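Data block for upload20.txt (compact mmCIF, C-alpha atoms):
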```
# COMPACT_ATOMS: atom_id res chain seq x y z
CA MET M 211 143.20 127.83 110.77
CA ILE M 212 141.30 129.30 107.84
CA SER M 213 139.69 132.62 108.76
CA LEU M 214 136.06 133.48 108.26
CA ALA M 215 137.13 136.62 106.39
CA ALA M 216 138.89 134.47 103.78
CA ILE M 217 135.75 132.36 103.35
CA GLU M 218 133.62 135.47 102.90
CA LEU M 219 136.07 136.82 100.32
CA LEU M 220 135.91 133.60 98.31
CA VAL M 221 132.11 133.49 98.41
CA ALA M 222 131.86 137.13 97.34
CA THR M 223 134.31 136.55 94.49
CA VAL M 224 132.37 133.56 93.15
CA GLU M 225 128.98 135.24 93.54
CA THR M 226 130.04 138.45 91.79
CA GLY M 227 132.31 136.81 89.21
CA SER M 228 135.35 139.04 89.67
CA PHE M 229 137.81 140.34 92.24
CA SER M 230 136.85 143.96 91.53
CA ARG M 231 133.12 143.44 92.10
CA ALA M 232 133.81 141.42 95.24
CA ALA M 233 136.03 144.25 96.45
CA ARG M 234 133.24 146.80 95.90
CA ARG M 235 130.82 144.65 97.86
CA LEU M 236 133.20 144.21 100.79
CA GLY M 237 134.71 147.69 100.77
CA VAL M 238 138.31 146.63 100.08
CA THR M 239 140.69 146.84 97.13
CA PRO M 240 140.68 144.25 94.30
CA SER M 241 144.34 143.46 94.96
CA ALA M 242 143.53 142.66 98.60
CA VAL M 243 140.85 140.20 97.49
CA SER M 244 143.14 138.57 94.96
CA ARG M 245 146.00 138.23 97.45
CA ARG M 246 143.77 136.77 100.18
CA VAL M 247 142.24 134.19 97.81
CA MET M 248 145.73 133.16 96.66
CA ARG M 249 146.81 132.81 100.30
CA LEU M 250 143.74 130.65 100.97
CA GLU M 251 144.71 128.40 98.05
CA GLN M 252 148.24 128.12 99.46
CA GLU M 253 146.89 127.22 102.91
CA LEU M 254 144.65 124.52 101.40
CA GLY M 255 147.29 123.31 98.94
CA VAL M 256 144.84 123.30 95.99
CA ALA M 257 143.74 125.71 93.28
CA LEU M 258 140.21 126.96 93.97
CA LEU M 259 139.81 129.27 90.96
CA ALA M 260 140.83 128.89 87.32
CA ARG M 261 141.76 132.38 86.17
CA THR M 262 141.74 133.80 82.65
CA THR M 263 142.09 137.37 81.44
CA ARG M 264 138.30 137.66 81.17
CA SER M 265 136.77 135.40 83.79
CA LEU M 266 137.07 133.32 86.93
CA ARG M 267 135.63 129.86 87.40
CA LEU M 268 135.77 127.30 90.18
CA THR M 269 137.95 124.23 89.82
CA ASP M 270 136.53 120.87 90.88
CA ASP M 271 138.23 121.23 94.29
CA GLY M 272 137.04 124.81 94.44
CA GLN M 273 133.43 123.79 93.73
CA ALA M 274 133.39 121.32 96.62
CA PHE M 275 135.01 123.81 99.01
CA TYR M 276 132.79 126.69 97.87
CA ALA M 277 129.59 124.71 98.52
CA ARG M 278 130.60 124.26 102.15
CA CYS M 279 131.70 127.90 102.42
CA VAL M 280 128.27 129.08 101.26
CA ARG M 281 126.61 127.09 104.03
CA ILE M 282 129.00 128.57 106.59
CA VAL M 283 128.29 132.14 105.45
CA GLU M 284 124.52 131.51 105.39
CA GLU M 285 124.55 130.01 108.87
CA LEU M 286 126.59 132.93 110.18
CA GLY M 287 124.13 135.36 108.60
CA GLU M 288 121.19 133.55 110.14
CA ALA M 289 122.90 133.60 113.55
CA THR M 290 123.59 137.33 113.23
CA GLU M 291 120.01 138.01 112.17
CA ALA M 292 118.71 135.95 115.08
CA ILE M 293 120.73 138.05 117.52
CA ALA M 294 119.52 141.24 115.87
CA ARG M 295 115.90 140.06 116.02
CA ALA M 296 116.32 139.10 119.66
CA SER M 297 117.62 142.55 120.54
CA LYS M 298 114.81 144.15 118.49
CA LYS M 299 116.96 147.25 118.21
CA PRO M 300 117.68 148.56 114.68
CA VAL M 301 121.43 149.08 114.44
CA GLY M 302 124.19 149.08 111.87
CA LEU M 303 124.84 150.22 108.32
CA LEU M 304 121.95 150.09 105.85
CA ARG M 305 122.86 150.19 102.15
CA VAL M 306 120.01 151.56 100.01
CA ASP M 307 119.78 152.18 96.26
CA ALA M 308 117.00 154.33 94.74
CA PRO M 309 116.12 156.17 91.50
CA VAL M 310 117.72 159.60 91.24
CA ALA M 311 114.59 161.78 91.23
CA LEU M 312 112.76 159.75 93.88
CA ALA M 313 115.78 159.79 96.18
CA ARG M 314 116.26 163.53 95.81
CA GLU M 315 112.63 164.54 96.18
CA VAL M 316 111.22 162.07 98.72
CA ILE M 317 113.79 159.82 100.37
CA ALA M 318 116.68 162.18 101.09
CA PRO M 319 114.53 164.95 102.64
CA SER M 320 113.00 162.39 105.02
CA LEU M 321 116.29 160.90 106.22
CA PRO M 322 116.81 163.37 109.10
CA ARG M 323 113.44 162.29 110.54
CA PHE M 324 114.49 158.65 110.24
CA ALA M 325 117.82 159.39 111.95
CA ALA M 326 116.03 161.11 114.81
CA ARG M 327 113.83 158.05 115.28
CA TYR M 328 116.59 155.44 114.83
CA PRO M 329 119.93 157.05 115.74
CA ASP M 330 121.85 153.75 115.69
CA VAL M 331 121.17 153.08 112.00
CA ARG M 332 123.56 154.57 109.44
CA ILE M 333 122.51 154.83 105.80
CA ASN M 334 124.56 154.70 102.61
CA LEU M 335 122.24 155.92 99.83
CA THR M 336 123.21 155.49 96.18
CA LEU M 337 121.21 157.10 93.37
CA ARG M 338 120.85 155.14 90.14
CA ASP M 339 118.10 154.62 87.58
CA GLN M 340 119.46 151.43 86.00
CA HIS M 341 118.96 147.79 86.97
CA VAL M 342 121.01 146.76 89.99
CA ASP M 343 121.75 143.33 91.45
CA PRO M 344 121.58 143.90 95.22
CA VAL M 345 123.42 140.69 96.03
CA ALA M 346 126.36 141.49 93.75
CA GLU M 347 126.44 145.09 94.96
CA GLY M 348 126.16 144.18 98.64
CA LEU M 349 122.94 146.20 99.07
CA ASP M 350 120.30 145.70 101.72
CA LEU M 351 117.42 147.40 99.94
CA LEU M 352 116.32 148.73 96.55
CA VAL M 353 113.53 151.24 95.91
CA ARG M 354 112.11 151.16 92.39
CA ILE M 355 109.30 152.77 90.39
CA GLY M 356 107.31 150.81 87.80
CA PRO M 357 106.04 147.30 87.18
CA LEU M 358 107.93 144.49 88.86
CA VAL M 359 109.96 141.99 86.90
CA ASP M 360 110.34 138.38 87.92
CA SER M 361 113.18 138.01 90.40
CA SER M 362 114.19 136.26 93.59
CA LEU M 363 113.80 139.50 95.55
CA VAL M 364 111.10 140.07 98.13
CA ALA M 365 108.87 143.04 97.25
CA ARG M 366 106.75 145.31 99.40
CA ARG M 367 104.57 147.95 97.82
CA LEU M 368 105.24 151.37 99.35
CA GLY M 369 102.77 153.40 97.36
CA ALA M 370 102.26 154.77 93.88
CA SER M 371 102.90 157.90 91.88
CA ARG M 372 100.66 159.21 89.13
CA ILE M 373 101.66 161.30 86.16
CA LEU M 374 100.55 164.93 86.20
CA HIS M 375 100.52 167.35 83.29
CA CYS M 376 101.58 170.81 84.39
CA ALA M 377 102.49 174.25 83.08
CA ALA M 378 103.43 177.60 84.53
CA PRO M 379 100.63 180.15 85.04
CA ALA M 380 102.53 182.47 82.69
CA TYR M 381 102.40 179.87 79.93
CA ILE M 382 98.66 179.32 80.44
CA ALA M 383 98.06 183.09 80.34
CA ARG M 384 100.03 183.33 77.10
CA ARG M 385 98.85 180.21 75.26
CA GLY M 386 95.75 179.04 77.08
CA ALA M 387 95.16 175.59 78.59
CA PRO M 388 94.60 172.51 76.40
CA ALA M 389 91.04 171.19 76.62
CA THR M 390 91.84 167.68 75.36
CA PRO M 391 94.98 165.60 74.79
CA ALA M 392 94.59 166.27 71.05
CA ASP M 393 95.12 169.99 71.77
CA LEU M 394 98.70 169.23 72.79
CA ALA M 395 99.55 169.27 69.07
CA HIS M 396 99.11 173.06 69.23
CA HIS M 397 101.18 173.57 72.38
CA ASP M 398 104.83 173.64 73.32
CA CYS M 399 105.57 170.47 75.30
CA ILE M 400 108.71 169.64 77.23
CA GLY M 401 109.51 165.95 76.88
CA TYR M 402 111.80 163.43 78.50
CA LEU M 403 114.35 162.15 76.00
CA ARG M 404 114.26 158.38 75.61
CA ASP M 405 116.59 156.84 73.02
CA GLY M 406 117.19 160.32 71.65
CA ARG M 407 113.51 161.18 71.14
CA PRO M 408 111.00 162.93 73.42
CA ALA M 409 108.58 160.45 74.93
CA GLY M 410 104.92 161.14 74.18
CA PHE M 411 102.40 162.04 76.89
CA ARG M 412 100.30 159.05 77.96
CA PHE M 413 96.63 158.96 78.91
CA LEU M 414 94.32 156.10 79.87
CA THR M 415 91.34 155.43 77.63
CA GLY M 416 88.14 153.41 77.88
CA ASP M 417 87.97 151.63 81.22
CA GLY M 418 91.58 152.45 81.90
CA ASP M 419 92.99 149.29 80.34
CA ALA M 420 94.36 150.98 77.22
CA VAL M 421 96.97 153.70 76.86
CA LEU M 422 96.88 156.54 74.37
CA GLU M 423 100.30 158.04 73.69
CA VAL M 424 100.16 161.55 72.25
CA PRO M 425 103.22 162.68 70.27
CA ILE M 426 104.64 166.00 71.46
CA SER M 427 106.89 168.74 70.14
CA GLY M 428 108.41 171.81 71.66
CA PRO M 429 111.52 173.96 71.93
CA PHE M 430 113.23 171.96 74.70
CA HIS M 431 113.66 168.32 75.63
CA ALA M 432 116.11 166.69 78.06
CA ASN M 433 116.90 163.41 79.78
CA ASP M 434 116.92 164.95 83.26
CA VAL M 435 113.69 165.61 85.15
CA ASP M 436 115.13 168.52 87.14
CA VAL M 437 116.02 170.32 83.91
CA LEU M 438 112.53 169.69 82.53
CA ARG M 439 110.88 170.96 85.70
CA HIS M 440 112.93 174.17 85.70
CA LEU M 441 112.00 174.78 82.06
CA ALA M 442 108.32 174.26 82.83
CA ILE M 443 108.42 176.65 85.79
CA ALA M 444 110.10 179.20 83.54
CA GLY M 445 107.08 179.04 81.23
CA SER M 446 108.65 177.09 78.36
CA GLY M 447 105.78 174.64 77.92
CA ILE M 448 103.71 171.76 79.28
CA ILE M 449 105.39 168.90 81.12
CA ALA M 450 104.36 165.39 82.19
CA MET M 451 105.99 164.26 85.43
CA PHE M 452 105.53 162.23 88.58
CA ASP M 453 103.39 163.88 91.25
CA PHE M 454 106.21 163.89 93.80
CA LEU M 455 108.29 166.00 91.40
CA ALA M 456 105.47 168.51 90.95
CA ARG M 457 104.44 168.72 94.63
CA ASP M 458 106.45 171.75 95.74
CA ALA M 459 105.87 173.74 92.55
CA LEU M 460 102.11 173.13 92.75
CA ALA M 461 102.04 174.19 96.38
CA ALA M 462 103.99 177.34 95.54
CA GLY M 463 101.78 178.12 92.55
CA THR M 464 104.69 178.15 90.10
CA LEU M 465 103.00 175.27 88.25
CA VAL M 466 99.33 174.35 87.77
CA THR M 467 97.88 171.12 86.43
CA VAL M 468 96.14 170.82 83.06
CA LEU M 469 94.00 168.09 81.48
CA ASP M 470 92.92 166.97 84.96
CA GLU M 471 89.80 165.21 83.71
CA PHE M 472 91.83 162.85 81.53
CA PRO M 473 93.23 159.96 83.62
CA THR M 474 96.91 159.13 83.41
CA THR M 475 99.02 156.13 84.30
CA THR M 476 99.92 155.35 87.90
CA TRP M 477 103.31 153.81 88.67
CA PRO M 478 103.78 151.52 91.68
CA ILE M 479 106.69 152.11 94.06
CA HIS M 480 108.24 149.07 95.73
CA ALA M 481 110.93 148.24 98.22
CA LEU M 482 112.92 145.21 97.08
CA TYR M 483 115.34 143.22 99.17
CA PRO M 484 117.10 139.85 99.15
CA LYS M 485 115.40 136.98 100.95
CA ASN M 486 115.69 137.12 104.75
CA ARG M 487 116.78 140.79 104.78
CA HIS M 488 113.36 141.82 106.05
CA LEU M 489 114.15 139.89 109.24
CA LEU M 490 116.78 142.48 110.11
CA PRO M 491 115.31 145.25 112.28
CA LYS M 492 117.20 147.99 110.40
CA VAL M 493 115.63 146.89 107.10
CA ARG M 494 112.17 146.38 108.53
CA VAL M 495 111.94 149.79 110.21
CA PHE M 496 113.31 151.59 107.16
CA VAL M 497 110.77 149.95 104.86
CA ASP M 498 107.99 150.90 107.30
CA PHE M 499 109.33 154.43 107.36
CA LEU M 500 109.36 154.64 103.56
CA ALA M 501 105.75 153.46 103.47
CA GLU M 502 104.88 156.42 105.73
CA SER M 503 106.75 158.78 103.41
CA PHE M 504 104.77 157.56 100.40
CA ALA M 505 101.39 157.67 102.16
CA PRO M 506 98.54 159.13 100.03
CA SER M 507 98.20 162.14 102.34
CA SER M 508 101.61 163.32 101.16
CA ARG M 509 100.57 163.48 97.50
CA PRO M 510 99.68 166.78 95.81
CA GLN M 511 96.08 167.51 94.99
CA ARG M 512 94.87 168.09 91.49
CA ARG M 513 93.51 171.49 90.65
CA GLU M 514 89.82 170.51 90.85
CA GLU M 515 90.42 168.77 94.20
CA ARG M 516 91.86 172.00 95.60
CA ARG M 517 88.85 173.92 94.29
CA ARG M 518 86.44 171.46 95.92
CA GLY M 519 88.29 171.76 99.20
CA SER M 520 88.15 175.56 99.12
CA ARG M 521 84.34 175.48 98.69
CA ARG M 522 83.74 173.34 101.79
```

Would you mind giving the structure from this file in structure tokens?
Amino acid sequence: MISLAAIELLVATVETGSFSRAARRLGVTPSAVSRRVMRLEQELGVALLARTTRSLRLTDDGQAFYARCVRIVEELGEATEAIARASKKPVGLLRVDAPVALAREVIAPSLPRFAARYPDVRINLTLRDQHVDPVAEGLDLLVRIGPLVDSSLVARRLGASRILHCAAPAYIARRGAPATPADLAHHDCIGYLRDGRPAGFRFLTGDGDAVLEVPISGPFHANDVDVLRHLAIAGSGIIAMFDFLARDALAAGTLVTVLDEFPTTTWPIHALYPKNRHLLPKVRVFVDFLAESFAPSSRPQRREERRRGSRR
């Protein structure tokens, strides 16, 4: 009798396009996947995959068999999800992928609270800034910052992060604070390197539907936000960064905001997951938990907001 594990291996191999990617999804070695698919072909007495040095493709027999295998795997998944929904108890391994800075600053520090609330859920968190296919990678959930692109994934908005312009008090004492974005031309600015060049600082103009990008220059630029933040705290210049990256430094007084009266762009934060994943209790409760973590009350206040609060 053909095992369900063999069917799942074949489906994963076809969906990902290679033995190695299927192995990563299933947590086994590529050679184990290759051997099991070959054994399946021997049991069926037909070739399912046409192999070349660069690709795999289904044979005609393989296409017919694969179509039925997909239905079997989908029905098994639906049955498993139905049992999980019936129990209403979040359990199992949750595979999450998030941007590096967001994971370090917001998600990772909150995980102990999540574990205390849901002790039967285990989390594998990977940190990447590039595009990821959750189906090919075997992920349950993605967290991403920025505008959404068209995809088959379900999206839930968790919150948003605005860009703040900050500098160390020592820098402001030495160089003064810029009064307008145009004044940045006379200041040292620390920029994020994009394609080898520091990205300009962006401000909204008019009714907020246009963006003004101000070129910057300064002694240091880098493609890592932690490096940029450390340089700003050390007094090396003015930085533009997400509010969640500035939160602790603003609270400690090692950074202060500048150009507060000039609005900046706000970036949405979404949870993305394959269709039907939200039916799993472990996914649903984690997305709800993330929404709590990104609630507006957790965002840092701008300098004038803190002053208004101190006068009340």

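When all atoms listed in the file are used to compute distances to Leu349 in chain M, the closest of the residues M:Pro491, M:Pro484, M:Pro309, M:Gly428 turns out to be M:Pro484.
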
Problem - Exercise: Thr415 in chain M partners within 9 Å, only C-alpha atoms, chain neighbours under 5 positions left out, as a list in words - result: Ala420, Val421, Leu422, Phe472, Pro473 and Thr474 of chain M

Practice task
Write out as a PyMOL selection string which residues come within 12 Å of His341 in chain M when counting all atoms listed in the file, dropping same-chain ones fewer than 5 positions away.
Solution key: chain M and resi 307-309+346-347+352-355+358-359+361

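Comparing M:Ile373, M:Leu490, M:Ala501, M:Ile448 by their smallest distance to Pro388 in chain M, the closest is M:Ile448 (using all atoms listed in the file).
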
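Minimum atom-to-atom distance to Ala389 in chain M, evaluated using all atoms listed in the file, belongs to M:Val468 out of M:Val468, M:Ile217, M:Gly255, M:Asp330.
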
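In this model, the gap between CA of Ser427 in chain M and CA of Asp398 in chain M comes to 6.2 Å.
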
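Interatomic distance, CA of Leu304 in chain M to CA of Val495 in chain M: 10.9 Å.
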
Exercise for the section: Name all residues at most 9 Å from His431 in chain M (count all atoms listed in the file; drop same-chain ones fewer than 6 positions away) and give them as a PyMOL selection string. Expected result: chain M and resi 399-403+407-408+437-438

Practice task
Name the residues in contact with Leu455 in chain M at a cut-off of 9 Å, using all atoms listed in the file, excluding same-chain residues fewer than 3 positions from it; report them as a count of residues only.
Solution key: 11

Practice task
Using only C-alpha atoms, give me every residue within 12 Å of (109.1, 181.4, 82.0) in file coordinates, as number ranges by chain.
Solution key: M: 377-384, 439-448, 464-465

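For the pair CA of Pro478 in chain M and CA of Val345 in chain M, the separation is 22.8 Å.
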
Exercise for the section: Would you list the contacts of range 221-227 of chain M as a PyMOL selection string, taking every protein, DNA or RNA residue within 9 Å and counting only C-alpha atoms, but skipping same-chain residues closer than 4 positions in sequence? Expected result: chain M and resi 216-217+231-233+235-236+243+247+259+265-268+276+279-280+283+345-347

Handout entry: Which of M:Thr467, M:Leu303, M:Arg264, M:Thr239 sits closest to Gly348 in chain M [using all atoms listed in the file]
Key = M:Leu303

Practice task
Go through M:Ala505, M:Cys376, M:Leu500, M:Leu414 one by one, measure the shortest atom-to-atom distance of each to Ser320 in chain M using all atoms listed in the file, and give the residue with the smallest value.
Solution key: M:Leu500

Handout entry: Which residue of M:Arg494, M:Gly369, M:Val310, M:Pro391 approaches Gln340 in chain M most closely, using only C-alpha atoms
Key = M:Val310

Around the point (118.2, 156.0, 111.6) (coordinates from the file), which residues reach within 12 Å if we count only C-alpha atoms? Answer as a CSV table (one decimal) with C-alpha atoms, in the frame of the given file.
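Wrote it out as part_20.csv, contents follow:
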```
chain,number,residue,atom,x,y,z
M,299,LYS,CA,117.0,147.2,118.2
M,300,PRO,CA,117.7,148.6,114.7
M,301,VAL,CA,121.4,149.1,114.4
M,302,GLY,CA,124.2,149.1,111.9
M,303,LEU,CA,124.8,150.2,108.3
M,304,LEU,CA,122.0,150.1,105.8
M,320,SER,CA,113.0,162.4,105.0
M,321,LEU,CA,116.3,160.9,106.2
M,322,PRO,CA,116.8,163.4,109.1
M,323,ARG,CA,113.4,162.3,110.5
M,324,PHE,CA,114.5,158.6,110.2
M,325,ALA,CA,117.8,159.4,112.0
M,326,ALA,CA,116.0,161.1,114.8
M,327,ARG,CA,113.8,158.0,115.3
M,328,TYR,CA,116.6,155.4,114.8
M,329,PRO,CA,119.9,157.0,115.7
M,330,ASP,CA,121.8,153.8,115.7
M,331,VAL,CA,121.2,153.1,112.0
M,332,ARG,CA,123.6,154.6,109.4
M,333,ILE,CA,122.5,154.8,105.8
M,334,ASN,CA,124.6,154.7,102.6
M,491,PRO,CA,115.3,145.2,112.3
M,492,LYS,CA,117.2,148.0,110.4
M,493,VAL,CA,115.6,146.9,107.1
M,494,ARG,CA,112.2,146.4,108.5
M,495,VAL,CA,111.9,149.8,110.2
M,496,PHE,CA,113.3,151.6,107.2
M,497,VAL,CA,110.8,150.0,104.9
M,499,PHE,CA,109.3,154.4,107.4
```
